[in-house]
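Visitor: protein_22.txt (compact mmCIF, C-alpha atoms) pasted underneath:
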# COMPACT_ATOMS: atom_id res chain seq x y z
CA MET Z 2 -74.42 237.92 44.75
CA THR Z 3 -78.10 238.27 45.69
CA ASN Z 4 -77.57 236.38 48.98
CA MET Z 5 -74.31 238.16 49.80
CA LEU Z 6 -75.78 240.52 52.41
CA TYR Z 7 -77.92 237.81 53.99
CA GLY Z 8 -74.91 235.51 54.34
CA LEU Z 9 -73.00 238.37 55.95
CA SER Z 10 -75.88 239.09 58.32
CA SER Z 11 -76.10 235.53 59.63
CA GLN Z 12 -72.33 235.27 60.19
CA ILE Z 13 -72.15 238.55 62.13
CA VAL Z 14 -75.22 237.77 64.21
CA ASN Z 15 -73.72 234.42 65.21
CA ILE Z 16 -70.75 236.14 66.86
CA PHE Z 17 -72.60 239.07 68.37
CA SER Z 18 -75.60 237.14 69.68
CA LYS Z 19 -76.31 237.64 73.37
CA GLU Z 20 -76.03 233.91 73.99
CA TYR Z 21 -72.63 233.57 72.34
CA MET Z 22 -71.14 236.63 74.01
CA GLU Z 23 -72.38 235.45 77.40
CA LYS Z 24 -70.80 232.05 76.77
CA VAL Z 25 -67.45 233.62 75.88
CA ALA Z 26 -67.65 236.02 78.83
CA ARG Z 27 -68.05 233.12 81.25
CA LYS Z 28 -65.34 231.10 79.49
CA THR Z 29 -62.85 233.97 79.88
CA LYS Z 30 -64.11 234.65 83.44
CA PHE Z 31 -65.14 238.18 82.56
CA VAL Z 32 -68.61 237.27 83.84
CA ARG Z 33 -68.93 234.97 86.87
CA ARG Z 34 -72.31 236.08 88.13
CA ASN Z 35 -75.19 238.17 86.83
CA SER Z 36 -74.30 241.83 86.46
CA ARG Z 37 -76.02 244.92 85.14
CA LEU Z 38 -72.99 245.58 82.91
CA ASN Z 39 -73.15 242.22 81.18
CA ALA Z 40 -71.18 240.98 78.15
CA GLU Z 41 -73.56 242.51 75.61
CA LYS Z 42 -73.50 245.98 77.17
CA PHE Z 43 -69.75 245.91 77.70
CA ILE Z 44 -69.23 245.06 74.01
CA ALA Z 45 -71.64 247.86 73.10
CA MET Z 46 -69.55 250.35 75.08
CA CYS Z 47 -66.15 249.21 73.75
CA VAL Z 48 -67.14 248.59 70.11
CA PHE Z 49 -70.32 250.40 69.11
CA PHE Z 50 -70.57 253.62 71.14
CA ASN Z 51 -68.37 255.32 68.54
CA ASP Z 52 -66.30 256.90 71.30
CA ASP Z 53 -62.87 256.40 72.81
CA ILE Z 54 -63.16 254.78 76.23
CA CYS Z 55 -59.66 256.07 77.02
CA LYS Z 56 -60.47 259.66 76.06
CA ASP Z 57 -63.72 259.96 78.03
CA SER Z 58 -63.73 260.22 81.79
CA LEU Z 59 -65.22 257.34 83.74
CA GLN Z 60 -68.16 259.55 84.67
CA ASP Z 61 -68.78 260.37 81.00
CA LEU Z 62 -68.75 256.66 80.19
CA VAL Z 63 -71.15 255.93 83.03
CA ASP Z 64 -73.54 258.62 81.73
CA LYS Z 65 -73.38 257.19 78.19
CA ILE Z 66 -74.06 253.67 79.45
CA ASP Z 67 -77.09 255.02 81.32
CA ALA Z 68 -78.30 256.97 78.26
CA ASN Z 69 -77.80 254.13 75.74
CA GLU Z 70 -78.36 251.01 77.83
CA GLY Z 71 -80.64 252.21 80.60
CA ILE Z 72 -78.45 250.95 83.45
CA SER Z 73 -76.91 252.90 86.29
CA ILE Z 74 -73.52 251.99 87.75
CA SER Z 75 -70.88 253.92 89.65
CA SER Z 76 -67.59 255.15 88.20
CA GLN Z 77 -65.74 252.89 90.63
CA ALA Z 78 -67.72 249.83 89.52
CA LEU Z 79 -66.98 250.60 85.87
CA ASP Z 80 -63.29 251.08 86.59
CA GLN Z 81 -63.17 247.65 88.23
CA ARG Z 82 -64.65 246.09 85.09
CA PHE Z 83 -61.55 247.13 83.13
CA ASN Z 84 -59.38 244.18 84.15
CA ASP Z 85 -57.38 241.33 82.63
CA TYR Z 86 -60.51 239.21 82.27
CA ALA Z 87 -62.17 241.96 80.23
CA VAL Z 88 -59.10 242.11 77.98
CA ASP Z 89 -59.20 238.32 77.50
CA PHE Z 90 -62.91 238.53 76.65
CA LEU Z 91 -62.42 241.23 74.01
CA LYS Z 92 -59.34 239.51 72.62
CA TYR Z 93 -61.38 236.32 72.16
CA ILE Z 94 -64.17 238.20 70.35
CA PHE Z 95 -61.54 239.95 68.22
CA LYS Z 96 -60.08 236.62 67.07
CA GLU Z 97 -63.52 235.20 66.33
CA THR Z 98 -64.44 238.33 64.37
CA LEU Z 99 -61.21 237.94 62.38
CA LYS Z 100 -62.13 234.34 61.51
CA MET Z 101 -65.63 235.46 60.53
CA GLN Z 102 -64.24 238.25 58.31
CA ASN Z 103 -62.00 235.79 56.49
CA LYS Z 104 -64.79 233.26 56.05
CA VAL Z 105 -67.31 235.76 54.68
CA LEU Z 106 -64.94 237.57 52.33
CA SER Z 107 -63.39 234.38 50.95
CA THR Z 108 -66.88 232.97 50.33
CA ASN Z 109 -67.95 236.15 48.53
CA GLY Z 110 -65.20 235.73 45.94
CA LYS Z 111 -62.56 238.05 44.54
CA LEU Z 112 -62.74 241.78 43.96
CA TYR Z 113 -60.26 241.48 41.12
CA ASP Z 114 -60.43 238.74 38.53
CA THR Z 115 -57.15 236.97 37.87
CA ASP Z 116 -56.98 233.20 37.82
CA TYR Z 117 -53.23 232.84 37.90
CA PHE Z 118 -52.60 234.42 41.32
CA ARG Z 119 -54.74 232.76 43.97
CA ARG Z 120 -54.20 235.66 46.37
CA ILE Z 121 -52.20 238.88 46.36
CA LEU Z 122 -50.89 239.23 49.90
CA ILE Z 123 -49.49 242.51 51.17
CA THR Z 124 -47.75 242.65 54.54
CA ASP Z 125 -46.84 245.71 56.59
CA SER Z 126 -47.02 247.10 60.11
CA THR Z 127 -48.13 250.33 61.73
CA SER Z 128 -47.01 251.67 65.07
CA PHE Z 129 -47.79 254.53 67.43
CA SER Z 130 -46.60 255.92 70.74
CA LEU Z 131 -48.20 255.19 74.09
CA PRO Z 132 -47.82 256.68 77.58
CA LYS Z 133 -44.52 255.72 79.22
CA GLU Z 134 -46.40 253.73 81.88
CA PHE Z 135 -47.09 251.02 79.26
CA ARG Z 136 -43.41 250.48 78.45
CA ALA Z 137 -43.15 247.20 80.37
CA THR Z 138 -45.79 245.70 78.04
CA TYR Z 139 -45.12 247.64 74.83
CA ASN Z 140 -41.42 248.42 74.54
CA GLY Z 141 -40.16 251.31 72.46
CA ASN Z 142 -36.99 251.33 70.41
CA ASN Z 143 -34.72 252.88 73.07
CA SER Z 144 -34.17 256.04 70.99
CA PRO Z 145 -34.04 259.45 72.71
CA GLY Z 146 -37.51 260.81 73.40
CA THR Z 147 -39.17 257.48 72.86
CA GLU Z 148 -41.46 256.21 75.56
CA SER Z 149 -43.68 253.23 74.79
CA ILE Z 150 -44.58 252.01 71.29
CA ILE Z 151 -47.08 249.47 70.06
CA LYS Z 152 -46.87 247.81 66.65
CA ILE Z 153 -49.67 246.07 64.76
CA GLN Z 154 -48.82 243.60 62.00
CA LEU Z 155 -51.24 243.12 59.13
CA GLN Z 156 -51.25 240.73 56.21
CA PHE Z 157 -53.94 241.77 53.77
CA ASP Z 158 -55.34 239.98 50.71
CA LEU Z 159 -55.93 242.53 47.98
CA MET Z 160 -58.13 240.08 46.06
CA THR Z 161 -60.78 239.70 48.77
CA GLY Z 162 -60.10 242.26 51.51
CA GLU Z 163 -59.34 239.55 54.10
CA PHE Z 164 -57.09 240.32 57.05
CA ILE Z 165 -55.11 237.08 56.93
CA GLU Z 166 -52.86 237.99 59.85
CA ASN Z 167 -53.49 240.73 62.42
CA GLU Z 168 -51.16 240.64 65.43
CA ILE Z 169 -50.24 243.12 68.15
CA THR Z 170 -46.57 243.34 69.19
CA HIS Z 171 -44.26 245.71 71.04
CA GLY Z 172 -42.63 248.55 69.15
CA ASN Z 173 -39.09 247.17 68.88
CA ALA Z 174 -40.15 243.85 67.34
CA SER Z 175 -38.58 243.54 63.90
CA ASP Z 176 -40.79 243.16 60.85
CA ALA Z 177 -38.46 240.55 59.35
CA GLY Z 178 -38.83 238.45 62.50
CA HIS Z 179 -42.56 238.29 61.83
CA ASN Z 180 -41.87 236.27 58.65
CA PHE Z 181 -41.67 233.18 60.85
CA TYR Z 182 -45.40 233.47 61.59
CA LEU Z 183 -46.36 234.57 58.09
CA LYS Z 184 -44.96 231.37 56.57
CA TYR Z 185 -47.98 229.45 57.90
CA HIS Z 186 -50.14 231.40 55.43
CA VAL Z 187 -48.06 230.72 52.31
CA GLU Z 188 -49.96 228.70 49.71
CA ALA Z 189 -49.24 227.79 46.08
CA LYS Z 190 -49.94 230.53 43.50
CA ASP Z 191 -50.01 233.31 46.10
CA LEU Z 192 -48.22 236.53 45.18
CA HIS Z 193 -46.48 238.08 48.22
CA ILE Z 194 -45.63 241.77 47.83
CA LYS Z 195 -42.93 242.58 50.39
CA ASP Z 196 -41.86 245.84 51.96
CA LEU Z 197 -38.14 246.31 52.67
CA GLY Z 198 -38.70 245.67 56.37
CA TYR Z 199 -39.65 242.06 55.58
CA TYR Z 200 -36.75 241.43 53.20
CA ASP Z 201 -35.23 238.05 54.07
CA THR Z 202 -33.79 235.67 51.48
CA ILE Z 203 -34.62 232.64 53.64
CA ASP Z 204 -38.26 233.73 53.62
CA LEU Z 205 -38.20 234.30 49.85
CA LYS Z 206 -36.74 230.82 49.31
CA TYR Z 207 -39.53 229.37 51.47
CA ILE Z 208 -42.14 231.14 49.36
CA THR Z 209 -40.55 229.75 46.20
CA ASN Z 210 -40.42 226.21 47.57
CA LYS Z 211 -44.16 226.39 48.37
CA GLY Z 212 -44.97 227.14 44.74
CA ALA Z 213 -45.81 230.78 45.50
CA TYR Z 214 -44.44 234.07 44.17
CA TYR Z 215 -42.80 237.16 45.64
CA LEU Z 216 -42.18 240.73 44.57
CA THR Z 217 -39.91 242.75 46.84
CA ARG Z 218 -37.86 245.90 46.80
CA CYS Z 219 -34.10 245.37 47.11
CA LYS Z 220 -32.11 246.80 49.97
CA ARG Z 221 -29.64 249.52 48.96
CA ASN Z 222 -26.69 247.43 50.12
CA ILE Z 223 -27.81 244.26 48.33
CA CYS Z 224 -25.08 241.90 47.10
CA ALA Z 225 -26.25 240.42 43.79
CA TYR Z 226 -24.33 238.02 41.59
CA ILE Z 227 -24.62 236.83 38.01
CA GLU Z 228 -23.23 233.77 36.30
CA ASN Z 229 -19.89 234.12 34.54
CA GLY Z 230 -18.90 230.75 33.16
CA ASP Z 231 -18.63 228.32 36.05
CA SER Z 232 -18.54 230.99 38.76
CA LEU Z 233 -20.55 233.89 40.07
CA GLU Z 234 -19.38 237.47 39.87
CA TYR Z 235 -20.61 240.54 41.77
CA PHE Z 236 -23.18 242.66 39.95
CA ASP Z 237 -23.20 246.35 40.90
CA ILE Z 238 -26.78 247.51 40.41
CA TYR Z 239 -25.84 251.19 40.77
CA LYS Z 240 -23.09 251.04 38.18
CA ALA Z 241 -25.44 249.15 35.85
CA SER Z 242 -28.02 251.93 36.18
CA GLU Z 243 -25.67 254.84 35.47
CA ASN Z 244 -26.47 255.02 31.76
CA LEU Z 245 -30.22 254.52 32.14
CA GLN Z 246 -32.49 257.40 31.19
CA GLU Z 247 -35.27 258.62 33.50
CA GLY Z 248 -38.10 256.11 33.44
CA GLU Z 249 -36.00 253.47 31.68
CA ILE Z 250 -36.10 249.87 32.92
CA LEU Z 251 -33.29 247.33 32.98
CA GLU Z 252 -33.98 243.64 33.59
CA VAL Z 253 -31.40 241.05 34.56
CA PRO Z 254 -33.17 237.69 34.02
CA GLU Z 255 -31.15 235.78 36.63
CA VAL Z 256 -29.33 237.07 39.68
CA TYR Z 257 -28.30 235.25 42.83
CA THR Z 258 -28.61 236.71 46.33
CA GLY Z 259 -28.41 235.58 49.94
CA LYS Z 260 -25.52 234.46 52.15
CA LYS Z 261 -25.14 231.27 50.12
CA LYS Z 262 -25.93 233.04 46.84
CA ASP Z 263 -28.64 230.46 46.23
CA LEU Z 264 -31.77 232.59 45.76
CA LYS Z 265 -32.34 232.99 42.01
CA SER Z 266 -34.58 235.87 40.97
CA ARG Z 267 -35.33 238.30 38.22
CA LEU Z 268 -33.83 241.73 38.93
CA ILE Z 269 -35.68 244.76 37.60
CA ILE Z 270 -34.06 248.18 37.91
CA TYR Z 271 -36.24 251.25 37.35
CA LYS Z 272 -34.55 254.64 36.87
CA LEU Z 273 -36.54 257.26 38.76
CA THR Z 274 -37.36 260.67 37.42
CA GLU Z 275 -35.78 263.59 39.29
CA GLU Z 276 -39.16 264.35 40.87
CA GLN Z 277 -39.55 260.75 42.04
CA LYS Z 278 -35.99 260.74 43.38
CA GLN Z 279 -36.49 263.91 45.43
CA LYS Z 280 -39.76 262.58 46.82
CA LYS Z 281 -37.99 259.37 47.82
CA ILE Z 282 -35.24 261.37 49.59
CA GLU Z 283 -37.82 263.46 51.46
CA ASN Z 284 -39.65 260.33 52.58
CA GLU Z 285 -36.38 258.84 53.77
CA LYS Z 286 -35.54 262.02 55.70
CA GLY Z 287 -38.90 261.78 57.47
CA LYS Z 288 -38.23 258.20 58.50
CA LYS Z 289 -34.71 259.02 59.72
CA GLN Z 290 -35.95 261.94 61.82
CA LYS Z 291 -38.23 259.59 63.74
CA THR Z 292 -35.28 257.32 64.58
CA TYR Z 293 -32.71 260.11 65.06
CA LYS Z 294 -30.49 258.82 62.24
CA GLU Z 295 -28.88 260.73 59.40
CA ILE Z 296 -29.79 260.11 55.79
CA ASP Z 297 -27.27 258.22 53.64
CA ALA Z 298 -24.98 260.73 51.91
CA GLU Z 299 -24.84 258.62 48.75
CA SER Z 300 -27.84 260.23 47.08
CA GLU Z 301 -27.31 258.26 43.87
CA LYS Z 302 -28.68 255.27 45.73
CA TYR Z 303 -32.05 257.05 45.77
CA GLY Z 304 -32.08 257.40 42.00
CA ILE Z 305 -33.39 253.91 41.30
CA ASN Z 306 -35.90 251.39 42.52
CA ALA Z 307 -34.70 247.81 42.27
CA PHE Z 308 -36.99 244.79 42.61
CA LEU Z 309 -36.53 241.05 42.94
CA THR Z 310 -39.25 238.63 41.85
CA ASN Z 311 -39.67 234.99 40.91
CA VAL Z 312 -42.78 235.70 38.82
CA PRO Z 313 -42.02 234.61 35.22
CA ALA Z 314 -41.65 237.44 32.71
CA LYS Z 315 -44.53 236.05 30.62
CA LEU Z 316 -46.87 236.62 33.60
CA MET Z 317 -45.40 239.92 34.79
CA PRO Z 318 -43.31 241.75 32.17
CA LYS Z 319 -40.70 244.20 33.43
CA GLY Z 320 -42.83 247.13 32.26
CA ILE Z 321 -45.54 246.57 34.86
CA VAL Z 322 -43.45 245.34 37.81
CA TYR Z 323 -43.26 248.83 39.31
CA ASP Z 324 -47.02 249.31 38.91
CA VAL Z 325 -47.77 245.96 40.52
CA TYR Z 326 -45.57 246.86 43.48
CA THR Z 327 -47.50 250.10 43.98
CA VAL Z 328 -50.66 248.18 44.91
CA ARG Z 329 -48.86 247.60 48.21
CA TRP Z 330 -49.98 251.10 49.15
CA GLN Z 331 -53.50 249.74 49.64
CA ILE Z 332 -52.33 248.53 53.03
CA GLU Z 333 -51.07 252.04 53.80
CA LEU Z 334 -54.56 253.27 52.97
CA MET Z 335 -55.92 250.75 55.47
CA PHE Z 336 -53.61 252.07 58.19
CA LYS Z 337 -54.68 255.61 57.35
CA ILE Z 338 -58.30 254.57 57.83
CA TRP Z 339 -57.44 252.96 61.17
CA LYS Z 340 -55.90 256.18 62.44
CA SER Z 341 -57.97 258.92 60.80
CA VAL Z 342 -61.41 257.28 60.95
CA PHE Z 343 -61.16 255.03 64.00
CA LYS Z 344 -58.52 257.05 65.89
CA LEU Z 345 -56.63 253.87 66.72
CA ASP Z 346 -53.44 255.77 67.55
CA LEU Z 347 -54.98 258.10 70.14
CA SER Z 348 -54.42 257.22 73.78
CA LYS Z 349 -53.78 258.86 77.10
CA LYS Z 350 -52.63 257.82 80.55
CA VAL Z 351 -55.13 255.29 81.94
CA LYS Z 352 -54.60 251.90 83.51
CA LEU Z 353 -53.30 249.29 81.07
CA PRO Z 354 -56.41 247.01 80.91
CA ARG Z 355 -58.59 250.00 80.08
CA PHE Z 356 -56.30 250.94 77.20
CA GLN Z 357 -56.27 247.33 75.97
CA CYS Z 358 -60.07 247.15 76.11
CA SER Z 359 -60.18 250.33 74.01
CA LEU Z 360 -57.64 248.91 71.55
CA TYR Z 361 -59.40 245.57 71.05
CA GLY Z 362 -62.77 247.29 70.93
CA LYS Z 363 -61.58 249.51 68.08
CA LEU Z 364 -60.02 246.55 66.25
CA ILE Z 365 -63.31 244.64 66.51
CA ALA Z 366 -65.12 247.69 65.12
CA ILE Z 367 -62.56 247.86 62.28
CA LEU Z 368 -63.01 244.17 61.45
CA LEU Z 369 -66.79 244.45 61.54
CA SER Z 370 -66.70 247.58 59.38
CA SER Z 371 -64.21 245.88 57.05
CA VAL Z 372 -66.38 242.85 56.36
CA ILE Z 373 -69.38 245.12 55.70
CA MET Z 374 -67.32 247.48 53.51
CA TYR Z 375 -65.74 244.80 51.32
CA THR Z 376 -69.02 242.93 50.96
CA THR Z 377 -70.78 246.10 49.79
CA LYS Z 378 -67.79 246.96 47.54
CA LYS Z 379 -68.05 243.58 45.81
CA LYS Z 380 -71.82 243.89 45.51
CA ALA Z 381 -71.45 247.39 44.04
CA ASN Z 382 -68.82 246.18 41.55
CA PHE Z 383 -70.76 243.18 40.31
CA GLU Z 384 -74.37 244.38 40.50
CA ASP Z 385 -74.17 248.16 40.06
CA SER Z 386 -70.83 248.53 38.20
CA LYS Z 387 -69.63 251.10 40.72
CA ASP Z 388 -66.33 251.38 42.57
CA ILE Z 389 -66.63 252.26 46.24
CA SER Z 390 -64.05 254.40 48.04
CA GLU Z 391 -62.70 252.51 51.05
CA MET Z 392 -62.13 255.71 53.02
CA LYS Z 393 -65.64 257.05 52.39
CA ALA Z 394 -67.31 253.70 53.07
CA PHE Z 395 -65.47 253.11 56.34
CA GLY Z 396 -66.40 256.63 57.44
CA THR Z 397 -70.08 256.00 56.71
CA ILE Z 398 -70.10 252.66 58.51
CA LYS Z 399 -68.39 254.12 61.59
CA ASN Z 400 -70.98 256.90 61.77
CA PHE Z 401 -73.73 254.26 61.96
CA LEU Z 402 -72.06 251.85 64.41
CA LEU Z 403 -74.65 252.40 67.13
CA GLU Z 404 -77.52 251.82 64.69
CA ILE Z 405 -75.71 248.70 63.45
CA ARG Z 406 -75.51 247.46 67.03
CA ASN Z 407 -79.21 248.07 67.65
CA ALA Z 408 -80.19 246.10 64.53
CA LEU Z 409 -77.58 243.43 65.19
CA PHE Z 410 -78.96 242.38 68.56
CA LYS Z 411 -82.47 241.74 67.23
CA SER Z 412 -82.53 239.08 64.51
CA VAL Z 413 -80.82 238.03 61.29
CA ARG Z 414 -83.78 239.26 59.27
CA THR Z 415 -83.80 242.68 61.00
CA PHE Z 416 -80.05 243.04 60.61
CA ASN Z 417 -80.17 242.00 56.96
CA ARG Z 418 -82.87 244.60 56.32
CA TYR Z 419 -80.69 247.23 57.99
CA LEU Z 420 -77.61 246.21 55.94
CA LYS Z 421 -79.59 246.71 52.72
CA ASN Z 422 -80.42 250.23 53.85
CA LEU Z 423 -76.78 250.84 54.83
CA TYR Z 424 -75.66 249.54 51.42
CA ARG Z 425 -77.79 252.18 49.72
CA LYS Z 426 -76.22 254.89 51.91
CA ILE Z 427 -72.70 253.71 51.02
CA LEU Z 428 -73.58 253.50 47.33
CA ARG Z 429 -74.92 257.04 47.45
CA SER Z 430 -72.05 258.70 49.31
CA GLY Z 431 -69.06 256.40 48.76
CA LYS Z 432 -68.32 256.56 45.04
CA LYS Z 433 -64.58 256.57 44.37
CA CYS Z 434 -63.18 259.57 42.52
CA LYS Z 435 -60.56 258.46 40.02
CA ARG Z 436 -57.52 260.72 39.79
CA LYS Z 437 -56.32 261.72 36.36
CA ASN Z 438 -53.27 259.79 35.09
CA ARG Z 439 -53.22 257.62 38.20
CA LYS Z 440 -53.83 253.89 37.92
CA THR Z 441 -56.10 252.21 40.44
CA PRO Z 442 -55.42 248.67 41.77
CA PHE Z 443 -58.25 247.53 39.47
CA ASP Z 444 -56.43 249.04 36.45
CA ILE Z 445 -53.17 247.32 37.40
CA ILE Z 446 -54.72 243.91 38.06
CA SER Z 447 -56.61 244.28 34.77
CA GLU Z 448 -53.25 244.61 33.00
CA LEU Z 449 -52.18 241.29 34.54
CA VAL Z 450 -55.40 239.65 33.35
CA GLU Z 451 -54.88 240.91 29.81
CA ILE Z 452 -51.33 239.50 29.77
CA HIS Z 453 -52.59 236.06 30.76
Could I get this file's structure written as structure tokens?
Guide:
Amino acid sequence: MTNMLYGLSSQIVNIFSKEYMEKVARKTKFVRRNSRLNAEKFIAMCVFFNDDICKDSLQDLVDKIDANEGISISSQALDQRFNDYAVDFLKYIFKETLKMQNKVLSTNGKLYDTDYFRRILITDSTSFSLPKEFRATYNGNNSPGTESIIKIQLQFDLMTGEFIENEITHGNASDAGHNFYLKYHVEAKDLHIKDLGYYDTIDLKYITNKGAYYLTRCKRNICAYIENGDSLEYFDIYKASENLQEGEILEVPEVYTGKKKDLKSRLIIYKLTEEQKQKKIENEKGKKQKTYKEIDAESEKYGINAFLTNVPAKLMPKGIVYDVYTVRWQIELMFKIWKSVFKLDLSKKVKLPRFQCSLYGKLIAILLSSVIMYTTKKKANFEDSKDISEMKAFGTIKNFLLEIRNALFKSVRTFNRYLKNLYRKILRSGKKCKRKNRKTPFDIISELVEIH
């Protein structure tokens, strides 16, 4: 743990060194000849200025470049720099930063200590609207009032903080269709926690065949079957839950689902309290309003949560299945940070390459902040026995992005010294406040450890 920050410093400096960025800029043809707005200064503007290059006018950006970098260029010259080559350059740096984040966080070890699950992978997507001029690149969903929508897919490892998969797609791309790409990340002893949007029995069978585990919510119209002698008979999960009391749990050890009825899982049915049921209905109403659909009239279908899993009962008893599924909301917290701290969802009418430069610049800043945040969180856990709030830590790091950039472009030793100072700031202001009667991911994973 003592060399954790130094290892982080050297990895970050490798990517953001002037020499490496210049090499990538020439490789992507962003830079073909010497220019005052070189690769380093362009990265500084898009990633570290802590501003939105879509929100500011070109003249405001020019003034900030002059104030921070000491170079003078015209608004027209800056506008010309926002082109497809600039997008390719930032996209390349984004992918390299993603690789670096994974390497550093996997090397640092796990935040939560459980030997049985190698990783706990949570997958979800976030989307937001864009100006209608971007529709040719980022399609919406063809609903009334919808213009252009962008969707960002994220697969997140709860154990380390790694962003395993981080892809940008158009708004009408289905989440389930993304399973095809996610299968390349399935490894033995992984636990995949699936949102309903990714529900696909073929995908769940693939996970099983790879020696990995899944935990997923069931769709309301699921067709489940149980053995009855030599045949399979339909199992009505809603009828089976009619006599359950609020908070009661019913487990069916073996059910079969899928078109061929060949996916065998444990089925866990949890009877919601009236308060939980009403909250679920309200959430569903909010989702339906966005897509101009009406909520299902069969309100009894909102009275339960049903889960499928292939995790053996001895490793995950029915009593904690619901709790384990709730750790999926850590990815929702990440999306909240993206939008509230980094303003990822804010955009206005500009030319497409300028928007894309802003988008990839913010994503690079998020990745850089993420690797710093999770490294400091692990260090705080192991060395100072403190739990760091992700929201508070990300906010602190974003506020110091320009100072991070200034230290970063000097040397590994200078940057490491700065990170130690930043760590103290995060430790001082980022302590997590635990809510009464609410389990944290650490509490839930600890329950799994005790069971093993």
Visitor: Using all atoms listed in the file, what table do you get, as a Markdown table, when you list each residue of segment 155-211 of chain Z with an atom no more than 9 Å from segment 362-373 of chain Z, its nearest pair of atoms, and their distance in Å rounded to one decimal, rows by chain then rising number?
Guide:
| residue | atom | partner | partner_atom | distance |
| --- | --- | --- | --- | --- |
| Z:Gly162 | CA | Z:Ser371 | CA | 7.8 |
| Z:Glu163 | CA | Z:Val372 | CA | 8.1 |
| Z:Phe164 | CA | Z:Leu368 | CA | 8.3 |
Visitor: Which residue gives the smallest distance to Leu205 of chain Z among Z:Leu159, Z:Ala177, Z:Ile250, Z:Ala381, with all atoms listed in the file counted?
Guide: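 Among the listed residues, Z:Ala177 lies closest to Leu205 of chain Z.
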Visitor: Which is closest to Ala45 of chain Z among Z:Lys152, Z:Lys426, Z:Lys19, Z:Lys195, if we use all atoms listed in the file?
Guide: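 Of all the options, Z:Lys19 lies closest to Ala45 of chain Z.
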Visitor: Write out as a ChimeraX atom specification each polymer residue whose atoms come within 7 Å of segment 214-224 of chain Z, counting only C-alpha atoms; drop sequence neighbours fewer than 5 positions from it.
Guide: /Z:190-197,205,208-209,258,302,307-312
Visitor: For a cutoff of 7 Å around the file-coordinate point (-56.4, 243.4, 59.8), which residues qualify once you count only C-alpha atoms? I'd like the result as a PyMOL selection string.
Guide: chain Z and resi 155-157+164+166-167+368
Visitor: Any idea what's packed within 6 Å of segment 277-282 of chain Z, counting only C-alpha atoms, ignoring anything in its chain fewer than 3 positions away? Could you give it as number ranges by chain?
Guide: Z: 273-274, 285, 303-304
Visitor: Atom CA of Ile270 of chain Z to atom CA of Ala241 of chain Z: how many Å, to one decimal?
Guide: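 Computed distance, atom CA of Ile270 of chain Z to atom CA of Ala241 of chain Z, equals 8.9 Å.
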Visitor: Around the point (-63.1, 245.6, 72.4), in the coordinates given by the file, pick out the residues reaching within 6 Å, counting all atoms listed in the file, and return them as an MDAnalysis selection string.
Guide: chainID Z and resid 47:48 91 358:359 361:362 365
Visitor: Of the residues Z:Leu360, Z:Leu112, Z:Ile445, Z:Ile227, which is the one nearest to Tyr323 of chain Z, using all atoms listed in the file?
Guide: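 That would be Z:Ile445, the residue with the smallest distance to Tyr323 of chain Z.
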Visitor: Quick one, how far is atom CA of Glu391 of chain Z from atom CA of Tyr424 of chain Z?
Guide: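 So the two atoms, atom CA of Glu391 of chain Z and atom CA of Tyr424 of chain Z, lie 13.3 Å apart.
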Visitor: Point out the residue among Z:Lys350, Z:Arg267, Z:Lys340, Z:Lys433 with the least atom-to-atom distance to Leu131 of chain Z, counting all atoms listed in the file.
Guide: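 Answer, going by the shortest atom-to-atom distance: Z:Lys350.
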